[in-house]
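Below: data16.cif (mmCIF, C-alpha atoms)
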```cif
data_query
loop_
_atom_site.label_atom_id
_atom_site.label_comp_id
_atom_site.auth_asym_id
_atom_site.auth_seq_id
_atom_site.Cartn_x
_atom_site.Cartn_y
_atom_site.Cartn_z
CA MET A 1 12.89 -22.26 -2.63
CA THR A 2 9.30 -23.49 -2.38
CA SER A 3 7.15 -22.89 -5.42
CA PRO A 4 4.77 -19.97 -5.02
CA THR A 5 1.23 -20.67 -3.84
CA PRO A 6 -1.37 -19.99 -6.53
CA ARG A 7 -4.12 -17.48 -5.81
CA PRO A 8 -6.97 -19.11 -3.89
CA ALA A 9 -10.25 -19.63 -5.69
CA ARG A 10 -12.45 -16.62 -5.08
CA ARG A 11 -14.47 -16.91 -1.94
CA ARG A 12 -17.22 -14.44 -1.35
CA GLY A 13 -17.66 -12.91 2.03
CA PRO A 14 -20.99 -12.22 3.67
CA ARG A 15 -23.02 -9.70 1.66
CA GLU A 16 -23.54 -7.43 4.61
CA HIS A 17 -22.63 -4.22 2.89
CA ALA A 18 -25.10 -4.49 0.02
CA LEU A 19 -27.39 -1.69 1.22
CA SER A 20 -24.72 0.88 2.08
CA THR A 21 -22.86 0.02 -1.12
CA THR A 22 -25.95 0.50 -3.25
CA LEU A 23 -26.84 3.79 -1.60
CA LEU A 24 -23.37 5.30 -1.71
CA THR A 25 -22.01 3.89 -4.97
CA LEU A 26 -25.11 3.95 -7.14
CA VAL A 27 -28.09 5.84 -5.74
CA ALA A 28 -26.33 8.97 -4.46
CA PRO A 29 -24.23 9.61 -7.58
CA VAL A 30 -27.17 8.96 -9.91
CA LEU A 31 -29.28 11.36 -7.83
CA VAL A 32 -26.59 14.01 -8.17
CA LEU A 33 -26.62 13.40 -11.91
CA ALA A 34 -30.42 13.65 -12.04
CA VAL A 35 -30.44 16.91 -10.10
CA GLY A 36 -27.76 18.33 -12.36
CA VAL A 37 -29.74 17.38 -15.46
CA ALA A 38 -32.90 18.92 -14.04
CA VAL A 39 -31.16 22.19 -13.18
CA ALA A 40 -29.50 22.40 -16.60
CA LEU A 41 -32.77 21.83 -18.39
CA SER A 42 -34.50 24.40 -16.21
CA TRP A 43 -32.12 27.03 -17.60
CA ARG A 44 -33.25 26.36 -21.17
CA ASP A 45 -34.97 29.71 -21.61
CA ALA A 46 -31.96 31.69 -20.47
CA LEU A 47 -29.46 29.83 -22.66
CA PRO A 48 -28.57 30.34 -26.31
CA ASP A 49 -29.49 27.64 -28.81
CA PRO A 50 -27.28 25.80 -29.50
CA VAL A 51 -25.03 25.99 -26.43
CA ALA A 52 -21.26 25.86 -26.48
CA VAL A 53 -20.04 22.41 -25.50
CA HIS A 54 -16.38 22.42 -26.46
CA TRP A 55 -13.60 24.92 -26.10
CA GLY A 56 -10.29 25.19 -27.91
CA ALA A 57 -7.40 27.58 -27.66
CA ASP A 58 -9.47 30.33 -29.29
CA GLY A 59 -12.67 29.99 -27.32
CA ALA A 60 -15.84 28.02 -27.93
CA ASP A 61 -15.54 25.86 -31.03
CA GLY A 62 -18.13 23.11 -30.56
CA PHE A 63 -21.88 23.53 -30.20
CA ALA A 64 -24.90 21.31 -29.61
CA PRO A 65 -28.55 21.57 -28.61
CA LEU A 66 -28.97 21.73 -24.83
CA THR A 67 -30.94 18.48 -24.55
CA SER A 68 -28.40 16.46 -26.56
CA PHE A 69 -25.53 17.88 -24.52
CA VAL A 70 -27.18 17.02 -21.23
CA ALA A 71 -28.40 13.61 -22.41
CA VAL A 72 -25.01 12.54 -23.72
CA LEU A 73 -23.19 13.61 -20.56
CA ALA A 74 -25.64 11.92 -18.23
CA GLY A 75 -26.03 8.87 -20.46
CA SER A 76 -22.31 8.26 -20.66
CA ALA A 77 -22.00 8.46 -16.89
CA VAL A 78 -24.68 5.91 -15.99
CA PRO A 79 -22.72 2.81 -17.13
CA LEU A 80 -19.85 3.99 -15.00
CA HIS A 81 -21.99 4.28 -11.89
CA VAL A 82 -23.50 0.86 -12.53
CA GLY A 83 -20.05 -0.62 -13.14
CA ALA A 84 -18.64 0.85 -9.94
CA TRP A 85 -21.68 -0.40 -8.01
CA LEU A 86 -21.29 -3.94 -9.39
CA LEU A 87 -17.58 -3.95 -8.60
CA ALA A 88 -18.25 -2.89 -5.02
CA LEU A 89 -21.13 -5.33 -4.62
CA LEU A 90 -19.60 -8.42 -6.19
CA ARG A 91 -15.89 -7.95 -5.59
CA GLY A 92 -15.89 -5.61 -2.63
CA GLN A 93 -15.01 -8.00 0.16
CA ALA A 94 -12.39 -5.51 1.28
CA ALA A 95 -13.49 -2.06 2.44
CA SER A 96 -10.75 -0.40 0.41
CA THR A 97 -12.28 -1.72 -2.80
CA ARG A 98 -15.72 -0.42 -1.83
CA ARG A 99 -14.23 2.94 -0.93
CA ALA A 100 -12.39 3.20 -4.23
CA ALA A 101 -15.49 2.29 -6.25
CA THR A 102 -17.66 4.73 -4.28
CA GLY A 103 -15.08 7.48 -4.57
CA MET A 104 -14.77 6.97 -8.31
CA SER A 105 -18.52 6.90 -8.89
CA THR A 106 -19.09 10.01 -6.77
CA TRP A 107 -16.16 11.80 -8.38
CA PHE A 108 -17.55 11.34 -11.85
CA ALA A 109 -21.05 12.42 -10.96
CA ALA A 110 -19.79 15.51 -9.13
CA PHE A 111 -17.26 16.40 -11.83
CA LEU A 112 -19.68 15.98 -14.71
CA VAL A 113 -22.44 17.96 -13.03
CA ALA A 114 -20.03 20.71 -11.96
CA VAL A 115 -18.53 21.05 -15.44
CA MET A 116 -21.94 20.87 -17.10
CA LEU A 117 -23.58 23.46 -14.87
CA GLY A 118 -20.46 25.60 -14.68
CA SER A 119 -20.05 25.83 -18.44
CA LEU A 120 -23.76 26.45 -18.94
CA ALA A 121 -23.99 29.04 -16.16
CA GLY A 122 -21.51 31.21 -18.01
CA GLN A 123 -23.78 31.17 -21.05
CA ARG A 124 -26.95 32.28 -19.30
CA GLY A 125 -28.24 35.51 -20.78
CA LEU A 126 -26.10 35.20 -23.92
CA THR A 127 -27.67 35.36 -27.34
CA SER A 128 -24.76 33.71 -29.10
CA PRO A 129 -22.82 30.71 -27.84
CA ASP A 130 -19.67 32.09 -29.52
CA ASP A 131 -19.34 34.44 -26.57
CA ALA A 132 -19.27 31.60 -24.07
CA PRO A 133 -16.53 32.28 -21.54
CA ASP A 134 -13.50 30.06 -21.13
CA VAL A 135 -14.06 27.02 -18.91
CA GLY A 136 -10.56 26.63 -17.46
CA GLY A 137 -11.61 27.96 -14.08
CA THR A 138 -14.78 25.89 -14.12
CA ILE A 139 -12.80 22.73 -14.73
CA ALA A 140 -10.36 23.47 -11.92
CA LEU A 141 -13.23 24.16 -9.53
CA ALA A 142 -15.01 21.04 -10.70
CA LEU A 143 -11.87 18.97 -10.07
CA ALA A 144 -11.60 20.30 -6.55
CA LEU A 145 -15.31 19.82 -5.79
CA ALA A 146 -15.35 16.32 -7.26
CA THR A 147 -12.27 15.30 -5.30
CA GLY A 148 -13.77 16.65 -2.09
CA ALA A 149 -17.06 14.87 -2.72
CA ALA A 150 -15.26 11.64 -3.57
CA ILE A 151 -13.24 11.73 -0.36
CA VAL A 152 -16.34 12.38 1.75
CA SER A 153 -18.27 9.57 0.10
CA ALA A 154 -15.35 7.17 0.48
CA LEU A 155 -15.14 8.00 4.18
CA LEU A 156 -18.85 7.28 4.57
CA VAL A 157 -18.36 3.70 3.40
CA PRO A 158 -18.63 1.52 6.51
CA ARG A 159 -15.44 -0.33 7.37
CA ASP A 160 -15.19 -4.11 7.41
CA ARG A 161 -16.62 -5.51 10.60
CA PRO A 162 -14.07 -7.41 12.73
CA LEU A 163 -14.27 -11.09 11.75
CA PRO A 164 -11.89 -13.34 13.67
CA ALA A 165 -10.92 -16.66 12.12
CA THR A 166 -12.37 -19.76 13.70
CA ALA A 167 -10.13 -22.34 12.06
CA ALA A 168 -6.46 -22.90 12.83
CA VAL A 169 -3.77 -21.94 10.35
CA PRO A 170 -3.27 -25.06 8.19
CA THR A 171 -0.45 -27.26 9.48
CA GLU A 172 1.19 -27.36 6.04
CA ALA A 173 1.51 -23.55 5.97
CA ALA A 174 5.09 -22.33 6.35
CA ARG A 175 6.09 -21.37 9.85
CA LEU A 176 9.03 -19.88 11.69
CA ALA A 177 10.62 -21.74 14.57
CA MET A 178 10.27 -19.52 17.64
CA GLY A 179 11.33 -20.06 21.24
CA PRO A 180 8.56 -19.83 23.86
CA ASP A 181 9.79 -16.46 25.16
CA GLU A 182 10.94 -15.08 21.84
CA ARG A 183 9.44 -11.93 20.32
CA VAL A 184 9.79 -11.61 16.56
CA ALA A 185 8.86 -8.93 14.03
CA TRP A 186 9.53 -8.38 10.31
CA PHE A 187 10.09 -5.04 8.60
CA ARG A 188 10.57 -4.08 5.01
CA THR A 189 10.37 -0.86 3.00
CA VAL A 190 9.31 -1.56 -0.58
CA THR A 191 9.70 0.84 -3.47
CA ALA A 192 7.91 0.86 -6.80
CA ARG A 193 9.86 -0.22 -9.84
CA GLY A 194 8.35 -0.53 -13.34
CA GLY A 195 5.31 1.66 -12.73
CA ILE A 196 7.51 4.73 -12.33
CA THR A 197 7.92 5.11 -16.08
CA VAL A 198 4.19 4.92 -16.66
CA GLY A 199 3.54 7.39 -13.86
CA ALA A 200 6.17 9.86 -15.02
CA THR A 201 4.78 9.70 -18.55
CA ALA A 202 1.27 10.42 -17.30
CA VAL A 203 2.44 13.42 -15.28
CA LEU A 204 4.53 14.81 -18.14
CA GLY A 205 1.76 14.19 -20.67
CA THR A 206 -0.93 15.97 -18.68
CA ALA A 207 1.45 18.82 -17.86
CA VAL A 208 2.26 19.29 -21.55
CA LEU A 209 -1.44 19.23 -22.42
CA ALA A 210 -2.16 21.84 -19.78
CA VAL A 211 0.55 24.10 -21.14
CA LEU A 212 -0.49 23.61 -24.77
CA SER A 213 -4.12 24.36 -24.01
CA ARG A 214 -2.97 27.59 -22.41
CA SER A 215 -5.13 26.86 -19.42
CA PRO A 216 -3.02 27.01 -16.26
CA TRP A 217 -5.96 25.63 -14.27
CA LEU A 218 -5.36 22.28 -15.89
CA LEU A 219 -2.00 22.02 -14.15
CA THR A 220 -3.98 20.82 -11.16
CA VAL A 221 -4.20 17.45 -12.93
CA PRO A 222 -0.47 16.68 -13.10
CA ALA A 223 -0.11 18.16 -9.60
CA ALA A 224 -2.74 15.75 -8.28
CA LEU A 225 -1.08 12.89 -10.15
CA VAL A 226 2.26 13.69 -8.52
CA VAL A 227 0.71 13.45 -5.04
CA LEU A 228 -0.97 10.21 -6.02
CA PHE A 229 2.25 8.68 -7.28
CA LEU A 230 4.18 9.78 -4.22
CA ALA A 231 1.64 7.97 -2.08
CA MET A 232 1.93 4.82 -4.21
CA PHE A 233 5.70 4.94 -4.53
CA ARG A 234 7.07 3.60 -1.26
CA TRP A 235 5.52 1.50 1.49
CA ASP A 236 6.45 0.34 4.98
CA VAL A 237 5.43 -3.27 5.55
CA ARG A 238 5.49 -4.80 9.00
CA VAL A 239 4.56 -8.14 10.56
CA ASP A 240 4.23 -8.29 14.34
CA THR A 241 1.75 -9.25 17.03
CA ASP A 242 -0.71 -6.69 15.62
CA GLY A 243 -0.73 -8.59 12.34
CA LEU A 244 0.30 -7.35 8.90
CA SER A 245 0.53 -3.60 8.42
CA VAL A 246 1.08 -1.97 5.02
CA ARG A 247 1.43 1.79 5.06
CA SER A 248 2.43 4.35 2.44
CA VAL A 249 5.40 6.44 3.55
CA LEU A 250 3.06 9.43 3.20
CA GLY A 251 0.98 7.92 6.01
CA LEU A 252 -2.05 7.19 3.86
CA PRO A 253 -3.28 4.95 2.42
CA ARG A 254 -2.75 2.11 4.83
CA THR A 255 -4.26 -1.23 5.71
CA VAL A 256 -3.94 -3.69 8.56
CA VAL A 257 -4.76 -7.38 8.62
CA PRO A 258 -5.22 -8.22 12.30
CA LEU A 259 -3.60 -11.42 13.47
CA SER A 260 -6.99 -12.81 14.47
CA GLU A 261 -8.22 -12.53 10.88
CA VAL A 262 -5.26 -14.27 9.24
CA GLU A 263 -6.34 -17.56 7.70
CA GLN A 264 -3.10 -18.32 5.91
CA ALA A 265 -0.04 -16.47 4.67
CA SER A 266 2.07 -17.65 1.74
CA VAL A 267 4.48 -16.59 -0.98
CA THR A 268 3.14 -15.93 -4.45
CA HIS A 269 4.31 -14.45 -7.74
CA VAL A 270 2.67 -11.35 -9.20
CA ASP A 271 2.54 -9.93 -12.70
CA PRO A 272 1.13 -6.42 -12.16
CA LEU A 273 -0.60 -6.03 -15.51
CA ARG A 274 -1.95 -9.55 -15.76
CA ASP A 275 -3.04 -10.05 -12.16
CA PHE A 276 -4.10 -6.55 -11.13
CA GLY A 277 -4.25 -4.48 -14.27
CA GLY A 278 -1.50 -2.14 -13.18
CA TRP A 279 0.63 -0.86 -10.34
CA GLY A 280 -0.11 0.65 -6.95
CA TRP A 281 -3.12 -0.15 -4.79
CA ARG A 282 -5.36 -2.30 -6.98
CA THR A 283 -8.28 -4.69 -6.85
CA GLY A 284 -7.97 -7.87 -8.86
CA THR A 285 -10.76 -9.54 -10.82
CA ASP A 286 -11.45 -11.84 -7.89
CA GLY A 287 -11.64 -9.03 -5.36
CA ALA A 288 -8.14 -9.57 -4.02
CA VAL A 289 -6.47 -6.33 -2.99
CA GLY A 290 -2.91 -5.88 -4.19
CA ILE A 291 -0.24 -3.39 -3.26
CA VAL A 292 1.70 -4.11 -6.39
CA LEU A 293 4.99 -2.39 -7.00
CA GLY A 294 6.62 -4.60 -9.58
CA LYS A 295 6.70 -8.03 -11.11
CA GLY A 296 7.86 -10.83 -8.84
CA GLU A 297 7.77 -12.20 -5.35
CA ALA A 298 4.87 -11.21 -3.11
CA LEU A 299 3.39 -11.90 0.29
CA GLN A 300 -0.16 -13.21 0.04
CA VAL A 301 -2.48 -13.23 3.05
CA GLU A 302 -5.84 -14.97 2.98
CA GLN A 303 -8.07 -13.13 5.40
CA THR A 304 -11.49 -13.94 6.81
CA GLY A 305 -14.50 -12.72 4.88
CA GLY A 306 -13.17 -13.89 1.54
CA ARG A 307 -10.53 -11.19 1.52
CA VAL A 308 -7.05 -11.59 0.10
CA LEU A 309 -4.21 -9.10 0.42
CA VAL A 310 -1.13 -9.30 -1.78
CA VAL A 311 1.98 -7.15 -1.28
CA THR A 312 4.97 -7.38 -3.60
CA THR A 313 8.08 -7.52 -1.45
CA PRO A 314 11.42 -9.27 -1.24
CA ASP A 315 11.84 -11.86 1.53
CA ALA A 316 8.13 -12.65 1.46
CA ALA A 317 8.90 -16.12 2.78
CA SER A 318 10.06 -14.82 6.17
CA ALA A 319 7.05 -12.55 6.44
CA ALA A 320 4.63 -15.36 5.59
CA ALA A 321 6.21 -17.82 7.98
CA LEU A 322 6.19 -15.30 10.81
CA LEU A 323 2.59 -14.30 10.16
CA ASN A 324 1.45 -17.93 10.21
CA SER A 325 3.40 -18.62 13.41
CA LEU A 326 2.11 -15.53 15.22
CA ALA A 327 -1.45 -16.21 14.09
CA SER A 328 -1.22 -19.81 15.31
CA ARG A 329 0.22 -18.74 18.63
CA GLY A 330 -2.58 -16.29 19.23
CA ARG A 331 -5.16 -18.90 18.40
CA GLY A 332 -3.84 -21.28 21.03
CA THR A 333 -2.99 -23.94 18.50
CA PRO A 334 0.52 -25.40 18.64
CA ASP A 335 3.05 -24.24 16.10
CA ASP A 336 6.44 -25.65 15.30
CA GLY A 337 8.13 -23.37 17.83
CA MET B 1 14.25 -8.17 7.75
CA LEU B 2 13.45 -10.24 10.82
CA PHE B 3 14.16 -8.90 14.28
CA ARG B 4 13.95 -11.39 17.12
CA ILE B 5 14.64 -10.97 20.80
CA ASP B 6 14.66 -13.52 23.59
CA PRO B 7 14.38 -11.94 27.03
CA SER B 8 15.45 -15.24 28.63
CA ALA B 9 18.76 -15.37 26.72
CA ASP B 10 22.06 -14.34 28.27
CA GLU B 11 22.81 -11.58 25.78
CA SER B 12 21.33 -8.17 26.57
CA LEU B 13 18.29 -7.10 24.55
CA PHE B 14 20.09 -4.24 22.83
CA GLY B 15 22.98 -6.60 22.18
CA GLN B 16 20.67 -9.06 20.46
CA ILE B 17 19.38 -6.36 18.13
CA ALA B 18 22.87 -5.10 17.33
CA THR B 19 24.03 -8.66 16.63
CA GLN B 20 21.21 -9.23 14.18
CA VAL B 21 22.00 -6.07 12.25
CA ARG B 22 25.69 -7.00 12.13
CA THR B 23 24.87 -10.49 10.92
CA ALA B 24 22.55 -9.11 8.24
CA ILE B 25 25.32 -6.80 7.04
CA VAL B 26 27.91 -9.60 6.95
CA ARG B 27 25.50 -11.87 5.09
CA GLY B 28 24.76 -9.16 2.58
CA ASP B 29 21.07 -8.92 3.49
CA LEU B 30 21.69 -5.25 4.31
CA ALA B 31 23.61 -3.11 1.84
CA PRO B 32 25.16 0.37 2.14
CA GLY B 33 22.40 2.94 1.90
CA ASP B 34 19.68 0.65 3.27
CA ARG B 35 17.67 2.28 6.00
CA LEU B 36 16.89 0.35 9.19
CA PRO B 37 13.36 0.60 10.61
CA ALA B 38 12.79 3.52 12.98
CA ALA B 39 13.79 2.72 16.56
CA ARG B 40 10.30 3.41 17.86
CA GLU B 41 8.80 1.04 15.25
CA ILE B 42 11.04 -1.81 16.36
CA ALA B 43 10.38 -0.92 19.99
CA ALA B 44 6.61 -0.97 19.47
CA ALA B 45 6.66 -4.19 17.47
CA LEU B 46 8.84 -6.07 19.98
CA ASP B 47 7.36 -4.48 23.10
CA LEU B 48 10.69 -2.91 24.06
CA ASN B 49 11.74 0.41 25.50
CA VAL B 50 12.72 2.69 22.63
CA HIS B 51 15.99 3.46 24.43
CA THR B 52 16.92 -0.21 24.23
CA VAL B 53 16.73 -0.04 20.45
CA LEU B 54 18.48 3.32 20.36
CA HIS B 55 21.29 1.83 22.45
CA ALA B 56 21.73 -0.87 19.81
CA TYR B 57 21.74 1.73 17.03
CA GLN B 58 24.28 3.86 18.90
CA GLU B 59 26.55 0.86 19.34
CA LEU B 60 26.33 0.16 15.61
CA ARG B 61 27.09 3.80 14.89
CA ASP B 62 30.15 3.69 17.15
CA GLU B 63 31.34 0.69 15.13
CA GLY B 64 30.93 2.65 11.93
CA LEU B 65 28.27 0.34 10.55
CA VAL B 66 25.39 2.83 10.51
CA ASP B 67 24.93 6.57 10.36
CA LEU B 68 22.31 8.07 12.64
CA ARG B 69 20.73 11.08 10.98
CA ARG B 70 17.93 13.20 12.35
CA GLY B 71 14.83 12.63 10.27
CA ARG B 72 16.40 9.81 8.27
CA GLY B 73 17.04 7.26 11.00
CA ALA B 74 19.78 4.63 10.87
CA VAL B 75 21.36 4.18 7.45
CA VAL B 76 23.91 1.47 6.66
CA THR B 77 27.27 3.07 5.84
CA ASP B 78 29.55 2.46 2.89
CA ARG B 79 32.07 0.98 5.26
CA ALA B 80 29.58 -1.76 6.00
CA GLY B 81 29.84 -2.68 2.35
CA SER B 82 33.26 -4.19 2.89
CA ASP B 83 33.69 -7.56 1.32
CA TYR B 84 32.61 -9.90 4.06
CA ALA B 85 32.87 -13.00 1.89
CA PRO B 86 36.16 -14.16 3.46
CA LEU B 87 34.63 -13.67 6.90
CA ARG B 88 31.52 -15.67 5.94
CA GLU B 89 33.72 -18.47 4.61
CA ALA B 90 35.88 -18.48 7.73
CA LEU B 91 32.77 -18.60 9.93
CA ALA B 92 31.31 -21.46 7.88
CA ALA B 93 34.58 -23.38 8.12
CA LEU B 94 34.75 -22.83 11.88
CA ALA B 95 31.17 -24.04 12.30
CA ARG B 96 31.81 -27.14 10.17
CA THR B 97 35.00 -28.05 12.01
CA SER B 98 33.48 -27.46 15.41
CA ARG B 99 30.50 -29.69 14.58
CA ALA B 100 32.79 -32.40 13.21
CA LEU B 101 34.70 -32.37 16.49
CA ASP B 102 31.40 -32.41 18.40
CA LEU B 103 32.23 -29.20 20.26
CA SER B 104 29.40 -27.23 21.90
CA PRO B 105 28.66 -23.68 20.70
CA GLU B 106 29.77 -22.39 24.12
CA THR B 107 33.17 -24.09 23.81
CA THR B 108 33.67 -22.90 20.26
CA THR B 109 32.79 -19.34 21.21
CA ALA B 110 35.19 -19.41 24.15
CA LEU B 111 38.00 -20.69 21.92
CA LEU B 112 37.18 -18.02 19.35
CA LYS B 113 37.36 -15.29 21.99
CA GLU B 114 40.80 -16.58 23.02
CA ALA B 115 41.96 -16.53 19.41
CA LEU B 116 40.80 -12.95 19.01
CA ARG B 117 42.86 -11.69 21.96
#
```

Take the structure in the file and write it out as structure tokens.
Amino acid sequence: MTSPTPRPARRRGPREHALSTTLLTLVAPVLVLAVGVAVALSWRDALPDPVAVHWGADGADGFAPLTSFVAVLAGSAVPLHVGAWLLALLRGQAASTRRAATGMSTWFAAFLVAVMLGSLAGQRGLTSPDDAPDVGGTIALALALATGAAIVSALLVPRDRPLPATAAVPTEAARLAMGPDERVAWFRTVTARGGITVGATAVLGTAVLAVLSRSPWLLTVPAALVVLFLAMFRWDVRVDTDGLSVRSVLGLPRTVVPLSEVEQASVTHVDPLRDFGGWGWRTGTDGAVGIVLGKGEALQVEQTGGRVLVVTTPDAASAAALLNSLASRGRGTPDDG
Amino acid sequence: MLFRIDPSADESLFGQIATQVRTAIVRGDLAPGDRLPAAREIAAALDLNVHTVLHAYQELRDEGLVDLRRGRGAVVTDRAGSDYAPLREALAALARTSRALDLSPETTTALLKEALR
């Protein structure tokens, strides 16, 4: 067995998405935050002083002046928006990374503003913050609104422009011997391994918390996590004349590397925590996108535009060889067929 | 799993697909419970008529190697988990001997067919 190819040195793609990235990942969420802060402060005269800022099982149990509350919330969010923006700008060669960063940044702005305004709205006209109504419903509504806003913002992120490769697939890249009339395809269904325990723990933990806090609204969190894990759990991977296709068995998310954009396919070895910080659909520190389901063998595809896609799967060698051969064939350069 | 078809070969297209699944099972690359790709996926990927692939799947089902279930597709049966190691060894020995005697694959196959009568 050939030794796995190391990850290529990070290559940056053209910075053509800088404007849309900045607008969607940084400017829009910060604007939402600013509007939320302005509205909250405009309610000062109608709100008790201090306002309720924390709720326990027996109602409001934490209080703070309005300005501190608003400042802390907004202040803690700003680094997140900046971080997401930098990630998308500097490591967002792949559209999926930019979408994830934008979605995350938007989600937080929308969630924070919704929770802030929702919890304050219930206190308008009150003289004492002790009477502040329970925020369970507000949180559930905020979760739904934030998720909706995140999805919309992620969809607004422009997709990667088609960028066909100009160079041939390197001659030393592994290939599959194919007859001139032969048609070949590779299929594999890959299932998550180690991450299951982490995922199950997260779902159980949040469900227990929701029950203990006696707020049934919070069960939306473990419910959402279950959907997320189902999507990340099993994937159909295919190599054919359309290129490499990786698709969750739920249908979404999915990604395609067109044959024309394949620079080189190879076999690599992945450690989920070390290389991608976890399991599922991840972005690595160099901007490589990984569909990482366990430790071990993986198919690695270097794509035009500085993009790299890594998919953990058995029999990666056949997939890589086929992808290189098909890509070479399409490019009119001779392969070993 | 690789699927390859050669329209210029003698064997029928559906036959080629069936042969590859059988070979994968004998080699142990496919185990009982493994699900084969959906017929329309293979058909789309290899530019074939979906009925060609279905024909291959039906043949494999008739041989007891896969179960065809609505909604689940073709699943490798327990029966396909038989110990094929002796068969693999016999095939390897046949190939070695045939090469040593400089026999063509066509001749070897013809002799094998005779032996199986």

Excluding Phe69 in chain A and its own-chain neighbours fewer than 6 positions away, which residues fall within 9 Å of it when counting only C-alpha atoms? Please give them as a CSV table (one decimal) with C-alpha atoms, in the coordinates of the input.
```csv
chain,number,residue,atom,x,y,z
A,51,VAL,CA,-25.0,26.0,-26.4
A,53,VAL,CA,-20.0,22.4,-25.5
A,63,PHE,CA,-21.9,23.5,-30.2
A,116,MET,CA,-21.9,20.9,-17.1
```

Within 9 Å of Ala95 in chain B, counting only C-alpha atoms, which residues show up once you throw out same-chain ones fewer than 5 positions away? Write them as a list in words, please.
Ala90, Ala100, Pro105 and Thr108 of chain B

Any idea which chain B residues end up within 12 Å of chain A if we count all atoms listed in the file, as a ChimeraX atom specification please?
/B:1-9,13,16-17,20,29-30,34-39,41-48

Counting only C-alpha atoms, the residue of B:Ala93, B:Leu116, B:Leu60, B:Ala110 that sits nearest Arg79 in chain B
B:Leu60

All file atoms of range 41-54 of chain A boxed axis-aligned, 3 Å per side, centre plus edges, as lines of an AutoDock Vina configuration file:
```
center_x = -25.7
center_y = 26.8
center_z = -22.9
size_x = 24.6
size_y = 15.9
size_z = 19.3
```

Separating CA of Val246 in chain A from CA of Glu261 in chain A, to the nearest tenth of an Å, is a gap of 15.2 Å

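Going from CA of Arg117 in chain B to CA of Tyr57 in chain B covers 25.5 Å.
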
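Residues in contact range of Thr138 in chain A, defined as at most 7 Å between only C-alpha atoms, with sequence neighbours fewer than 2 positions away removed, read Val115, Gly118, Ser119, Val135, Gly136, Ala140, Leu141 and Ala142 of chain A.
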
Please provide as a CSV table (one decimal) with C-alpha atoms, keeping the file's coordinate frame all residues within 12 Å of range 230-232 of chain A, with the sequence filter that same-chain residues fewer than 2 positions apart are discarded (counting all atoms listed in the file).
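Output (result.csv):
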```csv
chain,number,residue,atom,x,y,z
A,190,VAL,CA,9.3,-1.6,-0.6
A,191,THR,CA,9.7,0.8,-3.5
A,192,ALA,CA,7.9,0.9,-6.8
A,193,ARG,CA,9.9,-0.2,-9.8
A,195,GLY,CA,5.3,1.7,-12.7
A,196,ILE,CA,7.5,4.7,-12.3
A,199,GLY,CA,3.5,7.4,-13.9
A,200,ALA,CA,6.2,9.9,-15.0
A,203,VAL,CA,2.4,13.4,-15.3
A,223,ALA,CA,-0.1,18.2,-9.6
A,224,ALA,CA,-2.7,15.8,-8.3
A,225,LEU,CA,-1.1,12.9,-10.2
A,226,VAL,CA,2.3,13.7,-8.5
A,227,VAL,CA,0.7,13.4,-5.0
A,228,LEU,CA,-1.0,10.2,-6.0
A,234,ARG,CA,7.1,3.6,-1.3
A,235,TRP,CA,5.5,1.5,1.5
A,236,ASP,CA,6.4,0.3,5.0
A,246,VAL,CA,1.1,-2.0,5.0
A,247,ARG,CA,1.4,1.8,5.1
A,248,SER,CA,2.4,4.4,2.4
A,249,VAL,CA,5.4,6.4,3.6
A,250,LEU,CA,3.1,9.4,3.2
A,251,GLY,CA,1.0,7.9,6.0
A,252,LEU,CA,-2.0,7.2,3.9
A,253,PRO,CA,-3.3,5.0,2.4
A,254,ARG,CA,-2.8,2.1,4.8
A,278,GLY,CA,-1.5,-2.1,-13.2
A,279,TRP,CA,0.6,-0.9,-10.3
A,280,GLY,CA,-0.1,0.6,-7.0
A,281,TRP,CA,-3.1,-0.2,-4.8
A,282,ARG,CA,-5.4,-2.3,-7.0
A,290,GLY,CA,-2.9,-5.9,-4.2
A,291,ILE,CA,-0.2,-3.4,-3.3
A,292,VAL,CA,1.7,-4.1,-6.4
A,293,LEU,CA,5.0,-2.4,-7.0
A,294,GLY,CA,6.6,-4.6,-9.6
```

Residues returned when the PyMOL selection byres ((chain B and resi 77) around 6) runs on this file, as a count of residues only:
7

Given the point (-16.1, 33.5, -19.7) in the file's coordinates, find the residues that have an atom at most 12 Å from it, counting all atoms listed in the file, and give them as a ChimeraX atom specification.
/A:52,55,59-60,118-124,126,129-138

Quick one: distance from CA of Pro222 in chain A to CA of Leu209 in chain A in Å, one decimal?
9.7 Å

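Nearest residue to Asp286 in chain A among A:Ala88, A:Ala167, A:Val256, A:Leu143 is A:Ala88, counting all atoms listed in the file.
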